[in-house]
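Novice: Dropping a structure here in structure tokens format, bear with me for questions.
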Amino acid sequence: MWPVLPDGELNEEYDWPIEGSLLPNAPPLLKPSQRNHAGYTPVRIKVLKNGERDKSRILTVTGPDITNMLKKTCTLMLGLPFAARRLFDETGKEHTLLKDLQRDQLVYVSCGEAWIDPDLTSLEQRKRLQLNKLTCDIALIRSYSAMRNPEGLVLEVVGTLMPGAKLALAESVVPINHGETTSEADKQNQPCTATTDEDHNENRNFLTDLLSHPKPLKPQRIHQQQFQFQDGHIITCSCPWLVVGVLEMNAQPGAEVTLMEKKADDIFQRWIWREDNRTFHLMGNPDLVLAVSMTQKNSGYGKSVMEVQGCSIILQKYKGYSYGAANQKWFWMPEIKVLNAFYTSVLDKEITAANQASVCTFCICKTEELDQPGYYITHACTKQKTMVCLACSRALRGQNIMTKLNPGNSFICATGRELSQIEETGPFKCIRVTKTDLSTSEVENTLAYWEEKWISLRKETSVQTISHEISAAKTQLAVRVMAYRNGAGYEDGQLIIGTTFSSLLTTCTQRLALTRPACRLYTADGILILTLSELIAWAVNETLQEHKSKTKQNDEDEGGRLRELGSEEIKEDWAEPSTHGTDHLVQRLPRITTEDLESIDTELISLIVRNPVEVWVSCGESFVPLSESNRRLKLQRKQWLQKQKILFDLNKMKHKMRHIQGRRVGSMGPASMVPTKSSIQPVAVAGGWTEPSPEEVKLLEDVQSMEMHLSEVHAMLKKEYPSFHSKLVSSQRPLYSQPDVKRVLAYLNGDFPDQGTYVFGKTIQELLENCTARLKLRCTAKTLFSPEGEQITSWERIERDMLVCVSLGEPFMTSTGWYCLLDILSEFQKADKEKVLTYRMSLELMGFISLGREYEACFMLSRALINSLCAHIQT
């Protein structure tokens with residue numbers, strides 16, 4: 001944007017900064033009276049795809065400007081997989097304005113890639129494509145060569161020594177000599193040790209002050225690398241109050257390890273050293289170990305040692321493999337007080353580097369069987385297992401169903417075996433795995449050999465720019481799918497467009513918010529789709545079948561109209577042969593396979609896949625038929641309607657009961673004390689406003705019966721839903737353990753159950769704390785009872801939506817008994833000594849006063865009433 005004058009010319013004298021105000025609902029600015037329309041003159045041009053040699057496919061396009069022409073017209077007419085963005089003439093010059101083009105000039109449209117010369121021969125294009133593949137393969141080998149044997153790397157604090165400081169790998173300041181005990185090695189270590197002791201002597205005076213008032217410390221480089229392993233803590237030698245650990249909420253794989261203030265009772269700051277495995281296990285979760293974060297390699301140039309040197313320190317799941325877990329191996333050297341990383345054999349480090357650089361391990365170990373990470377493929381016909389390494393499994397992802405191997409299975413990658421059904425290039429694009437020797441003694445020679453080949457091929461192709469190499473690949477066909485969750489029917493569909501099968505799966509995982517990566521696609525008839533070609537072939541078959549069905553239906557309709565006209569002769573001569581001919585044609589119509597797609601017209605396939613194909617995305621579980629999903633959904637809706645009706649009737653009965661109880665309490669009819677002949681309970685309370693009427697008792701029984709029926713319906717719903725989605729939920733479970741939280745309906749001891757409220761918790765103690773807050777109790781709840789009066793002490797006894805009674809420490813009491821107790825206590829202030837003793841015996845029987853503990857009276861009474869009661873009892 002730029003300010004203009006009233007005549008439409010640019011205001012060149014307008015200077016920054018701009019000062020002004022914003023006006024709401026301001027009228028539109030007047031258009032300049034004189035406007036140059038030269039830039040909007042429509043131009044007609046002839047367009048082709050980038051690199052297209054067939055001039056018979058030229059299309060004519062007319063538009064006012066390049067932007068609208070490319071996005072709205074050329075993208076659809078040329079069938080491009082993405083929006084058109086760039087325009088080139090026949091010489092390769094890029095144009096951004098239509099005024100620079102002539103009428104009916106031939107131009108080439110691209111989706112953003114550089115110009116491809118259509119005059120190149122097919123041999124030259126193949127050479128460029130081969131060069132591009134070889135460049136990627138050499139980058140993988142170079143990456144492996146740079147990472148295969150990291151040495152001299154130790155744990156170091158990044159920046160200032162303070163809580164929250166991150167940890168990373170760095171080159172050791174002190175020389176490290178593994179396994180050398182000669183006098184020369186000792187001499188090399190002595191100066192460094194002496195320097196360290198002098199530094200500690202100099203810092204000893206102010207370290208005492210820092211312990212009482214810790215402050216950020218800016219130490220020397222050697223202080224950032226020195227650690228002490230003592231009592232399970234990895235302590236920095238310069239700041240003993242700082243240890244290596246993680247927060248409890250972050251104790252999960254992938255979390256960064258930092259410096260923290262030392263706490264003796266924090267198990268997430270303490271480590272278990274297993275000397276046989278050379279690993280540090282987190283005491284709070286022994287499955288997690290201290291590891292070096294090694295990011296996944298891309299197709300660019302390989303990582304150098306300096307990049308590995310700066311990797312952060314994280315938590316990882318412990319890998320029990322003998323080879324392939326070098327980033328989890330450590331060794332604490334007490335002589336120089338450093339934690340040395342990658343402290344393992346050379347072969348272990350090489351297998352780890354190969355897994356990270358996407359290089360097949362057969363190139364390193366050849367015919368030697370190793371206990372390493374990998375997957376196995378089970379063939380459908382022979383049930384034979386084919387085991388591949390981690391790098392080859394990534395290359396085969398989406399094409400086969402793979403299962404992860406557990407530690408302890410030694411194998412050789414099947415990519416290098418003879419007569420193997422796996423492609424011999426493995427993770428490479430053009431280099432054969434069997435012809436590549438990346439062992440310890442030959443890796444440098446192999447890398448030099450392939451780099452010479454790459455230079456020679458580059459000279460032959462005469463490549464001018466790197467963009468020509470990248471754009472030499474054939475443009476992929478874009479496929480549109482309407483993706484649904486497996487088992488969810490037609491709910492929450494997402495329109496997804498992709499050019500490769502892996503991109504479709506990745507987008508489905510993100511758009512459908514799956515908890516695990518998508519690995520399979522199913523069509524409506526349950527056919528498993530593992531490649532993009534299978535999806536296209538299925539869409540073509542469905543389209544042809546639908547077309548034949550419509551043709552048959554039209555023929556039958558035409559025959560019916562002829563029969564209405566009474567033409568029996570036409571019916572016999574035309575209608576019947578046409579119908580049988582159509583059936584015969586549909587029956588003999590062969591299905592299109594993936595190999596037949598090359599012989600079908602590309603424009604026809606583009607027209608077919610333009611309509612979205614409905615697919616159901618799976619994370620590894622079996623296909624759930626749509627009929628089963630609809631049947632379960634209807635049954636579930638019916639059950640929910642039944643539950644809703646029961647809830648309505650239950651609420652109506654509870655409302656009626658509240659009215660009956662209110663009228664009984666409002667009458668305040670006095671109760672009578674009836675003497676009995678029992679020595680245990682000489683006085684009984686009868687009648688009065690505390691005794692429910694027969695109608696109320698009958699209604700209470702109906703309510704309890706209705707609640708039991710409701711719980712049975714709820715249990716049936718809870719049982720039916722997981723049976724339908726059990727496999728789906730188990731395959732899409734979250735990456736962390738879901739806490740066992742239960743909801744109960746809690747009411748105060750002595751109150752009516754309908755006065756309760758819902759409370760959540762995952763332990764009994766947490767449930768009691770939440771009851772205190774939700775019920776607004778004046779002190780902490782201590783005991784839980786069932787409605788029958790049984791004390792609940794085990795968490796397994798608590799069920800979801802269970803009715804529980806909350807007590808502050810007193811025994812269980814129903815609402816009726818509680819009101820009787822209030823009547824008894826109210827008589828103490830006016831009773832004589834004989835009645836006091838009688839009431840005291842009644843209280844003992846109720847459990848509120850025990851022998852020798854006369855001061856434990858009712859928890860809801862005021863202190864004055866309790867004191868009065870105790871005074872009467874003592875007299």
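Labels for the structure tokens follow display order: chains A, B, ..., residues from 1 in each chain, ligands from 1.
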List the neighbours of range 446-461 of chain A out to 7 Å using only C-alpha atoms; skip same-chain residues closer than 4 positions along the sequence, and give me the result as a ChimeraX atom specification.

Specialist: /A:124,127-128,131,134,138,141-142,437-438,442

Novice: Can I get the selected residues back with N, CA and C atoms, as a tab-separated table (two decimals), in the first residue's frame?

Specialist:
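Result went into result-v7.tsv, see below:
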```
chain	number	residue	atom	x	y	z
A	124	GLU	N	18.97	-38.10	-21.38
A	124	GLU	CA	19.49	-37.04	-20.53
A	124	GLU	C	18.64	-36.88	-19.26
A	127	LYS	N	19.55	-39.61	-16.92
A	127	LYS	CA	20.83	-39.35	-16.28
A	127	LYS	C	20.67	-38.34	-15.14
A	128	ARG	N	19.88	-37.32	-15.36
A	128	ARG	CA	19.67	-36.33	-14.30
A	128	ARG	C	18.91	-36.93	-13.12
A	131	LEU	N	21.34	-39.00	-11.25
A	131	LEU	CA	22.23	-38.14	-10.48
A	131	LEU	C	21.56	-37.67	-9.19
A	134	LEU	N	21.52	-40.60	-6.78
A	134	LEU	CA	22.85	-40.87	-6.25
A	134	LEU	C	23.28	-39.81	-5.24
A	138	ILE	N	24.55	-40.77	-1.48
A	138	ILE	CA	25.86	-40.36	-0.97
A	138	ILE	C	25.70	-39.52	0.29
A	141	ILE	N	25.40	-41.93	3.17
A	141	ILE	CA	26.68	-42.54	3.53
A	141	ILE	C	27.58	-41.53	4.23
A	142	ARG	N	27.58	-40.30	3.75
A	142	ARG	CA	28.40	-39.26	4.38
A	142	ARG	C	27.91	-38.98	5.80
A	437	ASP	N	30.03	-51.69	0.97
A	437	ASP	CA	30.76	-52.15	2.15
A	437	ASP	C	31.07	-50.93	3.03
A	438	LEU	N	30.38	-50.84	4.18
A	438	LEU	CA	30.58	-49.73	5.10
A	438	LEU	C	31.15	-50.23	6.43
A	442	GLU	N	36.52	-50.13	5.58
A	442	GLU	CA	36.22	-49.82	4.18
A	442	GLU	C	35.27	-48.65	3.99
```

Novice: Using DSSP secondary structure from the backbone, list all strand (DSSP E) positions within range 340-535 of chain A, as a PyMOL selection string.

Specialist: chain A and resi 340-341+370-371+374-378+385-389+402-404+410-411+479-485+494-498+520-522+528-529

Novice: Mind dumping the selected residues with C-alpha atoms as a PDB file, in the first residue's frame?

Specialist:
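Okay, this is what ended up in result_25.pdb:
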```pdb
ATOM      1  CA  ASN A 340      31.679 -39.952  29.088  1.00  0.00           C
ATOM      2  CA  ALA A 341      28.993 -40.551  26.416  1.00  0.00           C
ATOM      3  CA  LEU A 370      23.224 -59.135  15.584  1.00  0.00           C
ATOM      4  CA  ASP A 371      20.726 -58.391  18.345  1.00  0.00           C
ATOM      5  CA  GLY A 374      14.119 -54.193  13.613  1.00  0.00           C
ATOM      6  CA  TYR A 375      10.784 -55.406  12.302  1.00  0.00           C
ATOM      7  CA  TYR A 376       9.498 -58.577  10.688  1.00  0.00           C
ATOM      8  CA  ILE A 377       7.046 -59.057   7.823  1.00  0.00           C
ATOM      9  CA  THR A 378       4.698 -62.051   7.826  1.00  0.00           C
ATOM     10  CA  LYS A 385       8.717 -64.135   8.745  1.00  0.00           C
ATOM     11  CA  THR A 386      11.163 -61.802   7.000  1.00  0.00           C
ATOM     12  CA  MET A 387      13.251 -59.669   9.371  1.00  0.00           C
ATOM     13  CA  VAL A 388      14.622 -56.272   8.304  1.00  0.00           C
ATOM     14  CA  CYS A 389      16.623 -53.593  10.074  1.00  0.00           C
ATOM     15  CA  MET A 402       5.301 -54.926   9.936  1.00  0.00           C
ATOM     16  CA  THR A 403       5.669 -56.011  13.564  1.00  0.00           C
ATOM     17  CA  LYS A 404       8.390 -54.738  15.890  1.00  0.00           C
ATOM     18  CA  SER A 410      19.608 -61.871  16.474  1.00  0.00           C
ATOM     19  CA  PHE A 411      19.174 -61.623  12.711  1.00  0.00           C
ATOM     20  CA  VAL A 479      -5.588 -38.021  -5.323  1.00  0.00           C
ATOM     21  CA  ARG A 480      -8.516 -36.736  -3.253  1.00  0.00           C
ATOM     22  CA  VAL A 481      -9.991 -38.858  -0.469  1.00  0.00           C
ATOM     23  CA  MET A 482     -12.771 -38.329   2.055  1.00  0.00           C
ATOM     24  CA  ALA A 483     -11.236 -39.876   5.165  1.00  0.00           C
ATOM     25  CA  TYR A 484     -13.187 -41.226   8.144  1.00  0.00           C
ATOM     26  CA  ARG A 485     -12.086 -42.965  11.344  1.00  0.00           C
ATOM     27  CA  GLN A 494     -12.066 -34.855   6.240  1.00  0.00           C
ATOM     28  CA  LEU A 495     -11.206 -34.019   2.627  1.00  0.00           C
ATOM     29  CA  ILE A 496      -7.498 -34.791   2.101  1.00  0.00           C
ATOM     30  CA  ILE A 497      -5.373 -34.346  -1.032  1.00  0.00           C
ATOM     31  CA  GLY A 498      -1.997 -36.018  -1.551  1.00  0.00           C
ATOM     32  CA  ARG A 520      -3.835 -48.544   6.474  1.00  0.00           C
ATOM     33  CA  LEU A 521      -6.773 -47.390   4.368  1.00  0.00           C
ATOM     34  CA  TYR A 522      -9.973 -49.368   3.803  1.00  0.00           C
ATOM     35  CA  LEU A 528      -7.232 -53.075   2.235  1.00  0.00           C
ATOM     36  CA  ILE A 529      -5.307 -50.270   0.477  1.00  0.00           C
TER      37      ILE A 529
END
```

Novice: Pick out the residues sitting within 10 Å of Arg797 in chain A, and hand them over as number ranges by chain; count only C-alpha atoms, and ignore anything fewer than 5 positions along from it in its own chain.

Specialist: A: 786, 792, 802

Novice: Pick out the closest residue to Gly63 in chain A from this set: A:Pro811, A:Pro42, A:Gly750, A:Gly408. Count only C-alpha atoms.

Specialist: A:Pro42

Novice: Of the candidates A:Arg610, A:His281, A:His655, A:Lys638, which one gets nearest to Asp754 in chain A if we count only C-alpha atoms?

Specialist: A:His655

Novice: Give me, as a ChimeraX atom specification, all polymer residues having an atom no more than 9 Å from Val624 in chain A, counting only C-alpha atoms and skipping those fewer than 3 positions away in the same chain.

Specialist: /A:486-489,526,621,627-629

Novice: Taking N, CA, C and O atoms for each residue, export the selection above as an mmCIF file, in the first residue's frame.

Specialist:
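See result.cif below for the written result:
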```
data_model
loop_
_atom_site.group_PDB
_atom_site.id
_atom_site.type_symbol
_atom_site.label_atom_id
_atom_site.label_comp_id
_atom_site.auth_asym_id
_atom_site.auth_seq_id
_atom_site.Cartn_x
_atom_site.Cartn_y
_atom_site.Cartn_z
ATOM 1 N N ASN A 486 -11.816 -45.351 11.303
ATOM 2 C CA ASN A 486 -12.277 -46.737 11.230
ATOM 3 C C ASN A 486 -13.209 -47.035 12.406
ATOM 4 O O ASN A 486 -12.833 -46.879 13.564
ATOM 5 N N GLY A 487 -14.434 -47.444 12.088
ATOM 6 C CA GLY A 487 -15.418 -47.723 13.115
ATOM 7 C C GLY A 487 -16.336 -46.573 13.438
ATOM 8 O O GLY A 487 -17.271 -46.738 14.210
ATOM 9 N N ALA A 488 -16.092 -45.371 12.856
ATOM 10 C CA ALA A 488 -16.918 -44.205 13.152
ATOM 11 C C ALA A 488 -17.990 -43.962 12.101
ATOM 12 O O ALA A 488 -18.705 -42.964 12.190
ATOM 13 N N GLY A 489 -18.094 -44.861 11.114
ATOM 14 C CA GLY A 489 -19.105 -44.651 10.079
ATOM 15 C C GLY A 489 -18.797 -43.438 9.217
ATOM 16 O O GLY A 489 -17.657 -43.229 8.774
ATOM 17 N N GLY A 526 -14.463 -52.905 2.397
ATOM 18 C CA GLY A 526 -13.503 -53.583 3.259
ATOM 19 C C GLY A 526 -12.204 -53.981 2.604
ATOM 20 O O GLY A 526 -11.433 -54.747 3.190
ATOM 21 N N GLU A 621 -5.604 -51.706 13.279
ATOM 22 C CA GLU A 621 -6.695 -52.603 13.635
ATOM 23 C C GLU A 621 -7.453 -53.038 12.386
ATOM 24 O O GLU A 621 -7.334 -52.437 11.318
ATOM 25 N N SER A 627 -22.142 -51.723 8.157
ATOM 26 C CA SER A 627 -23.423 -52.247 8.647
ATOM 27 C C SER A 627 -23.369 -52.515 10.150
ATOM 28 O O SER A 627 -24.309 -52.228 10.882
ATOM 29 N N GLU A 628 -22.257 -53.060 10.614
ATOM 30 C CA GLU A 628 -22.109 -53.316 12.043
ATOM 31 C C GLU A 628 -22.083 -52.019 12.826
ATOM 32 O O GLU A 628 -22.650 -51.901 13.910
ATOM 33 N N SER A 629 -21.405 -50.999 12.263
ATOM 34 C CA SER A 629 -21.347 -49.704 12.933
ATOM 35 C C SER A 629 -22.723 -49.071 13.044
ATOM 36 O O SER A 629 -23.100 -48.538 14.092
#
```

Novice: Of the residues A:Leu153, A:Met294, A:Leu339, A:Ala746, which is the one nearest to Thr352 in chain A, using only C-alpha atoms?

Specialist: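 Between A:Leu153, A:Met294, A:Leu339, A:Ala746, the residue approaching Thr352 in chain A most closely is A:Met294.
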
Novice: Rounded to one decimal, what separation in Å do you get between CA of Ala251 in chain A and CA of Val759 in chain A?

Specialist: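 Straight-line distance from CA of Ala251 in chain A to CA of Val759 in chain A works out to 28.1 Å.
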
Novice: Near Asn277 in chain A, counting only C-alpha atoms, which residues have an atom at most 10 Å away, once you skip same-chain residues fewer than 5 positions from it, shown as a short mmCIF file (atom, residue, chain, number, x, y, z; two decimals) with N, CA and C atoms, in the first residue's frame?

Specialist:
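Okay, selection-v2.cif is ready:
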```cif
data_model
loop_
_atom_site.label_atom_id
_atom_site.label_comp_id
_atom_site.auth_asym_id
_atom_site.auth_seq_id
_atom_site.Cartn_x
_atom_site.Cartn_y
_atom_site.Cartn_z
N GLY A 320 16.82 -52.68 25.15
CA GLY A 320 17.53 -53.84 25.63
C GLY A 320 18.35 -54.55 24.57
N SER A 322 21.52 -55.47 22.14
CA SER A 322 22.97 -55.48 22.32
C SER A 322 23.65 -54.44 21.44
N GLN A 328 22.67 -44.41 24.68
CA GLN A 328 22.24 -44.60 26.07
C GLN A 328 23.37 -45.10 26.97
N LYS A 329 24.57 -45.26 26.42
CA LYS A 329 25.69 -45.81 27.18
C LYS A 329 26.56 -44.68 27.75
N TRP A 330 26.84 -44.77 29.06
CA TRP A 330 27.63 -43.76 29.75
C TRP A 330 28.68 -44.44 30.63
N THR A 344 30.85 -47.50 24.60
CA THR A 344 30.46 -48.84 24.16
C THR A 344 31.39 -49.28 23.05
#
```

Novice: Distance CA of Ala357 in chain A-CA of Cys430 in chain A, one decimal place?

Specialist: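 About the pair CA of Ala357 in chain A and CA of Cys430 in chain A: they are 16.3 Å apart.
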
Novice: CA of Gly324 in chain A and CA of Lys349 in chain A are how many Å apart?

Specialist: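 Computing the Euclidean distance for CA of Gly324 in chain A and CA of Lys349 in chain A yields 6.9 Å.
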
Novice: Which residues, written as a PyMOL selection string, have at least one atom at most 12 Å from range 159-162 of chain A, with only C-alpha atoms counted and residues fewer than 2 positions away on the same chain left out?

Specialist: chain A and resi 156-157+164-168+210+214-221+223-226+235-244+258-262

Novice: Near Ile66 in chain A, within 8 Å and counting only C-alpha atoms, which residues show up once chain neighbours fewer than 5 positions away are dropped, as a list in words?

Specialist: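 Using only C-alpha atoms, the neighbours found are Thr96, Leu97 and Leu98 of chain A.
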